[in-house]
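Before any comments, here is the structure.
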Amino acid sequence: MAEYSIWILNFAEVPDAATSSLIFGRHNAGTQVLPYAYTLLKGHGKTILLDCGLNAESHGKAFVEKFNVQKWAHPRDVLGEIGVTPEEIDYVILTHAHFDHMGGLSLFPNATFMIQSEELAAWVKIMAMDRKFRWLMGATDPNDMMEAVQLAREGRLLGIDGDVDDILPGIDLRVAPDTHTAHSQYVVVRNDGKAVSEDCYIYTGDLIYRHDNIHGGTPDDPFYVANGLSYGSNTKLLLVTDEIMKTVGNDIRRVLIPHDQKMAELYPSRTTKRGHYLVEVALANGDASRV
Ligand SMILES: [Zn+2]
């Protein structure tokens, strides 16, 4: 009995991301298409977005050019494929503050946003460091930070302190300090609502980019490999990867990765007229398929 419908919604892509940026140490291995996606949950009378993409019509444009982001679509069109409007989003859970995850703050006018307090604080600290450290800001847009602060002032951004169970019904937040970013978090969806869930999914944010980060390319004899663009400890990242895999009973299908197009092969999916994939991970009782 699923409590939430879950869709992974691709909204843009980088056609030529260096393989070494996705799989740590895999140098001289060319480039790969890197999709951008967020995840939509609908259930318990709520409409929830996990990460909120970026706004290519606003200051996000500079990062779109910097990272060669192509095929960006407005959430009005992306969510429209599900029959949801940006105005209907009640909550946005942000895994971390990178431009492609937190850059869409202005696009969801009625949402309340949640992020680890320490994640925001860490970026303010990094912004205030000597400019010799500016590499750390490579994927973080100071304009997004300004918008986040304004939302906090308006009472629309909630700082989360560490792990929280049932932040929303059946949804837990788990913090991953010093990994991809200072205080990334991942999202556990217990889709049967049970405390010890038999129907559990994890939305990873950027803790994991690819299945290769989980099995190293040898699923029969797996080993964890850090992704290639993390700012903290690779060892801590691997320990969090192990924590994620244990929580989902080592079922790789239950690990929902926003930057891996393989998601579309694991679940019913379709390609929209804008050329994006839309993945239907789960349907709540009584909800109609969108694929
Ligand atoms: Zn990131």
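Ligands are numbered from 1 in the order shown, chains are lettered A, B, ... in the order of the structure tokens, and residues start at 1 in each chain.
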
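A distance cut-off of 8 Å from ligand 1, applied to only C-alpha atoms and all ligand atoms, picks out the residues His96, Ala97, His98, Phe99, Asp100, His101, Ala139, His180, Thr181, Gly205, Asp206, Leu207, Leu229 and Ser230 of chain A.
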
Can you spit out the residues from that selection as a compact mmCIF listing (two decimals), in the first residue's frame, using N, CA, C and O atoms?
# COMPACT_ATOMS: atom_id res chain seq x y z
N HIS A 96 21.20 19.86 -0.66
CA HIS A 96 22.38 20.70 -0.45
C HIS A 96 22.21 21.96 -1.31
O HIS A 96 21.23 22.09 -2.03
N ALA A 97 23.17 22.87 -1.22
CA ALA A 97 22.96 24.22 -1.78
C ALA A 97 23.57 24.42 -3.17
O ALA A 97 23.63 25.56 -3.65
N HIS A 98 24.02 23.38 -3.85
CA HIS A 98 24.57 23.57 -5.19
C HIS A 98 23.53 24.14 -6.16
O HIS A 98 22.33 23.89 -5.99
N PHE A 99 24.02 24.85 -7.19
CA PHE A 99 23.13 25.63 -8.06
C PHE A 99 22.06 24.79 -8.75
O PHE A 99 20.98 25.29 -9.03
N ASP A 100 22.37 23.51 -9.04
CA ASP A 100 21.42 22.69 -9.78
C ASP A 100 20.43 21.99 -8.85
O ASP A 100 19.57 21.23 -9.31
N HIS A 101 20.54 22.24 -7.55
CA HIS A 101 19.62 21.65 -6.56
C HIS A 101 18.84 22.72 -5.81
O HIS A 101 17.70 22.49 -5.40
N ALA A 139 30.39 25.27 -7.55
CA ALA A 139 29.03 24.90 -7.97
C ALA A 139 27.97 25.54 -7.07
O ALA A 139 26.82 25.10 -7.04
N HIS A 180 29.70 15.24 0.24
CA HIS A 180 29.62 15.99 -1.02
C HIS A 180 29.76 17.49 -0.75
O HIS A 180 30.43 18.21 -1.48
N THR A 181 29.05 17.94 0.29
CA THR A 181 29.21 19.32 0.78
C THR A 181 29.34 19.24 2.30
O THR A 181 29.36 18.15 2.88
N GLY A 205 20.30 12.97 -3.43
CA GLY A 205 20.99 14.21 -3.79
C GLY A 205 22.27 13.84 -4.52
O GLY A 205 22.29 12.88 -5.30
N ASP A 206 23.37 14.54 -4.23
CA ASP A 206 24.63 14.27 -4.95
C ASP A 206 25.60 13.40 -4.15
O ASP A 206 26.79 13.37 -4.46
N LEU A 207 25.12 12.69 -3.15
CA LEU A 207 26.02 11.78 -2.43
C LEU A 207 26.44 10.65 -3.37
O LEU A 207 27.52 10.09 -3.25
N LEU A 229 33.22 14.93 -7.68
CA LEU A 229 33.06 16.35 -7.35
C LEU A 229 32.50 16.53 -5.95
O LEU A 229 31.42 17.08 -5.77
N SER A 230 33.23 16.04 -4.99
CA SER A 230 32.82 16.22 -3.60
C SER A 230 33.84 17.07 -2.88
O SER A 230 35.03 17.04 -3.21

Shell around stretch 186-195 of chain A at 6 Å using only C-alpha atoms, local window under 2 positions removed, as an NGL selection string
:A and (2-3 or 95 or 170-174 or 197 or 199-204)

Within 10 Å of stretch 31-38 of chain A, which residues of stretch 146-264 of chain A come that close, and what is the closest atom pair and distance in Å for each? Count only C-alpha atoms and give it as JSON lines.
{"residue": "A:Tyr203", "atom": "CA", "partner": "A:Tyr38", "partner_atom": "CA", "distance": 9.5}
{"residue": "A:Gly205", "atom": "CA", "partner": "A:Tyr38", "partner_atom": "CA", "distance": 8.8}
{"residue": "A:Tyr209", "atom": "CA", "partner": "A:Leu34", "partner_atom": "CA", "distance": 9.0}
{"residue": "A:Arg210", "atom": "CA", "partner": "A:Leu34", "partner_atom": "CA", "distance": 9.7}
{"residue": "A:Leu256", "atom": "CA", "partner": "A:Tyr38", "partner_atom": "CA", "distance": 10.0}
{"residue": "A:Ile257", "atom": "CA", "partner": "A:Ala37", "partner_atom": "CA", "distance": 8.6}
{"residue": "A:Pro258", "atom": "CA", "partner": "A:Ala37", "partner_atom": "CA", "distance": 4.9}
{"residue": "A:His259", "atom": "CA", "partner": "A:Pro35", "partner_atom": "CA", "distance": 5.1}
{"residue": "A:Asp260", "atom": "CA", "partner": "A:Pro35", "partner_atom": "CA", "distance": 6.6}
{"residue": "A:Gln261", "atom": "CA", "partner": "A:Pro35", "partner_atom": "CA", "distance": 6.5}

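Of the listed residues A:Thr140, A:Asn250, A:Ser5, A:Thr112, the one whose atoms come nearest to A:Ala288 is A:Ser5, with distances taken using only C-alpha atoms.
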
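Counting only C-alpha atoms, the residue from A:Met129, A:Lys262, A:Asn227, A:Lys61 that sits nearest to A:Ala18 is A:Asn227.
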
Would you pick out the contacts of A:His211 at 8 Å or less, using only C-alpha atoms, so that residues sharing its chain but fewer than 4 positions from it are not included, and give the list as a PDB file with all heavy atoms, in the first residue's frame?
ATOM      1  N   HIS A 215      28.798   0.299  -7.063  1.00  0.00           N
ATOM      2  CA  HIS A 215      29.394  -1.030  -7.296  1.00  0.00           C
ATOM      3  C   HIS A 215      30.741  -1.004  -8.041  1.00  0.00           C
ATOM      4  O   HIS A 215      31.341  -2.061  -8.256  1.00  0.00           O
ATOM      5  CB  HIS A 215      28.422  -1.980  -7.977  1.00  0.00           C
ATOM      6  CG  HIS A 215      27.887  -1.500  -9.306  1.00  0.00           C
ATOM      7  ND1 HIS A 215      28.684  -1.034 -10.312  1.00  0.00           N
ATOM      8  CD2 HIS A 215      26.618  -1.432  -9.780  1.00  0.00           C
ATOM      9  CE1 HIS A 215      27.946  -0.700 -11.345  1.00  0.00           C
ATOM     10  NE2 HIS A 215      26.681  -0.910 -11.044  1.00  0.00           N
ATOM     11  N   GLY A 216      31.198   0.174  -8.426  1.00  0.00           N
ATOM     12  CA  GLY A 216      32.514   0.263  -9.056  1.00  0.00           C
ATOM     13  C   GLY A 216      32.587  -0.342 -10.452  1.00  0.00           C
ATOM     14  O   GLY A 216      33.675  -0.524 -10.995  1.00  0.00           O
ATOM     15  N   GLY A 217      31.420  -0.690 -11.010  1.00  0.00           N
ATOM     16  CA  GLY A 217      31.404  -1.302 -12.344  1.00  0.00           C
ATOM     17  C   GLY A 217      31.378  -2.825 -12.293  1.00  0.00           C
ATOM     18  O   GLY A 217      31.296  -3.474 -13.331  1.00  0.00           O
ATOM     19  N   ILE A 252      19.468  -1.830  -5.144  1.00  0.00           N
ATOM     20  CA  ILE A 252      19.929  -0.634  -5.851  1.00  0.00           C
ATOM     21  C   ILE A 252      18.772   0.132  -6.508  1.00  0.00           C
ATOM     22  O   ILE A 252      18.842   1.348  -6.707  1.00  0.00           O
ATOM     23  CB  ILE A 252      21.028  -1.018  -6.878  1.00  0.00           C
ATOM     24  CG1 ILE A 252      21.945   0.161  -7.179  1.00  0.00           C
ATOM     25  CG2 ILE A 252      20.424  -1.621  -8.139  1.00  0.00           C
ATOM     26  CD1 ILE A 252      23.234  -0.214  -7.888  1.00  0.00           C
ATOM     27  N   ASP A 260      21.398  10.161 -12.581  1.00  0.00           N
ATOM     28  CA  ASP A 260      21.625   8.897 -13.311  1.00  0.00           C
ATOM     29  C   ASP A 260      20.412   8.550 -14.173  1.00  0.00           C
ATOM     30  O   ASP A 260      19.330   8.253 -13.647  1.00  0.00           O
ATOM     31  CB  ASP A 260      21.918   7.753 -12.329  1.00  0.00           C
ATOM     32  CG  ASP A 260      22.556   6.555 -13.032  1.00  0.00           C
ATOM     33  OD1 ASP A 260      22.414   6.439 -14.277  1.00  0.00           O
ATOM     34  OD2 ASP A 260      23.188   5.736 -12.351  1.00  0.00           O
TER      35      ASP A 260
END

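Atom CA of A:Leu239 is found 27.3 Å from atom CA of A:Phe113.
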
Helix (DSSP H, G or I) per DSSP on the backbone: members of stretch 70-270 of chain A, as a ChimeraX atom specification: /A:75-80,86-88,99-102,105-107,117-127,131-137,142-153,212-215,234-247,252-254,263-266

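In this comparison, which uses only C-alpha atoms, the residue of A:Glu81, A:Arg156, A:Trp123, A:Arg131 approaching A:Ser106 most closely is A:Arg156.
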
Got a sec: who's within 8 Å of A:Leu107, counting only C-alpha atoms, leaving out chain neighbours fewer than 5 positions off, as a PDB file with all heavy atoms, in the first residue's frame?
ATOM      1  N   ASN A  55      17.090  28.030 -12.035  1.00  0.00           N
ATOM      2  CA  ASN A  55      16.299  28.965 -12.821  1.00  0.00           C
ATOM      3  C   ASN A  55      17.162  29.569 -13.920  1.00  0.00           C
ATOM      4  O   ASN A  55      17.895  30.540 -13.691  1.00  0.00           O
ATOM      5  CB  ASN A  55      15.725  30.060 -11.916  1.00  0.00           C
ATOM      6  CG  ASN A  55      14.771  30.977 -12.667  1.00  0.00           C
ATOM      7  OD1 ASN A  55      14.624  30.862 -13.886  1.00  0.00           O
ATOM      8  ND2 ASN A  55      14.124  31.883 -11.952  1.00  0.00           N
ATOM      9  N   PRO A  75       9.853  24.531 -14.465  1.00  0.00           N
ATOM     10  CA  PRO A  75       9.058  23.539 -13.732  1.00  0.00           C
ATOM     11  C   PRO A  75       7.566  23.548 -14.113  1.00  0.00           C
ATOM     12  O   PRO A  75       6.888  22.531 -13.960  1.00  0.00           O
ATOM     13  CB  PRO A  75       9.253  23.913 -12.260  1.00  0.00           C
ATOM     14  CG  PRO A  75      10.014  25.181 -12.232  1.00  0.00           C
ATOM     15  CD  PRO A  75      10.659  25.376 -13.563  1.00  0.00           C
ATOM     16  N   PRO A  86       3.785  24.590 -10.327  1.00  0.00           N
ATOM     17  CA  PRO A  86       4.765  25.020  -9.315  1.00  0.00           C
ATOM     18  C   PRO A  86       4.090  25.620  -8.078  1.00  0.00           C
ATOM     19  O   PRO A  86       4.596  25.490  -6.971  1.00  0.00           O
ATOM     20  CB  PRO A  86       5.599  26.068 -10.050  1.00  0.00           C
ATOM     21  CG  PRO A  86       5.469  25.718 -11.501  1.00  0.00           C
ATOM     22  CD  PRO A  86       4.083  25.165 -11.660  1.00  0.00           C
TER      23      PRO A  86
END

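Taking atom CA of A:Ala282 and atom CA of A:Ile6 as endpoints, the distance between them is 5.0 Å.
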
task: For A:Arg26, list every protein, DNA or RNA residue within 10 Å, evaluated using only C-alpha atoms, and leave out those in the same chain fewer than 4 positions away; present the list as a list in words.
output: Ala18, Thr19, Ser20, Ser21, Leu22, Gly30, Val225, Asn227 and Gly228 of chain A

If you count only C-alpha atoms, the residue of A:Tyr277, A:Leu120, A:Ala152, A:Glu198 closest to A:Asp251 turns out to be A:Glu198

Near stretch 44-54 of chain A, counting only C-alpha atoms, which residues have an atom at most 6 Å away, once you skip same-chain residues fewer than 6 positions from it, shown as a ChimeraX atom specification? /A:38,89-94,100-104

Would you list the contacts of A:Asn68 as a VMD selection string, taking every protein, DNA or RNA residue within 10 Å and counting only C-alpha atoms, but skipping same-chain residues closer than 6 positions in sequence?
-> chain A and resid 13 to 17 62
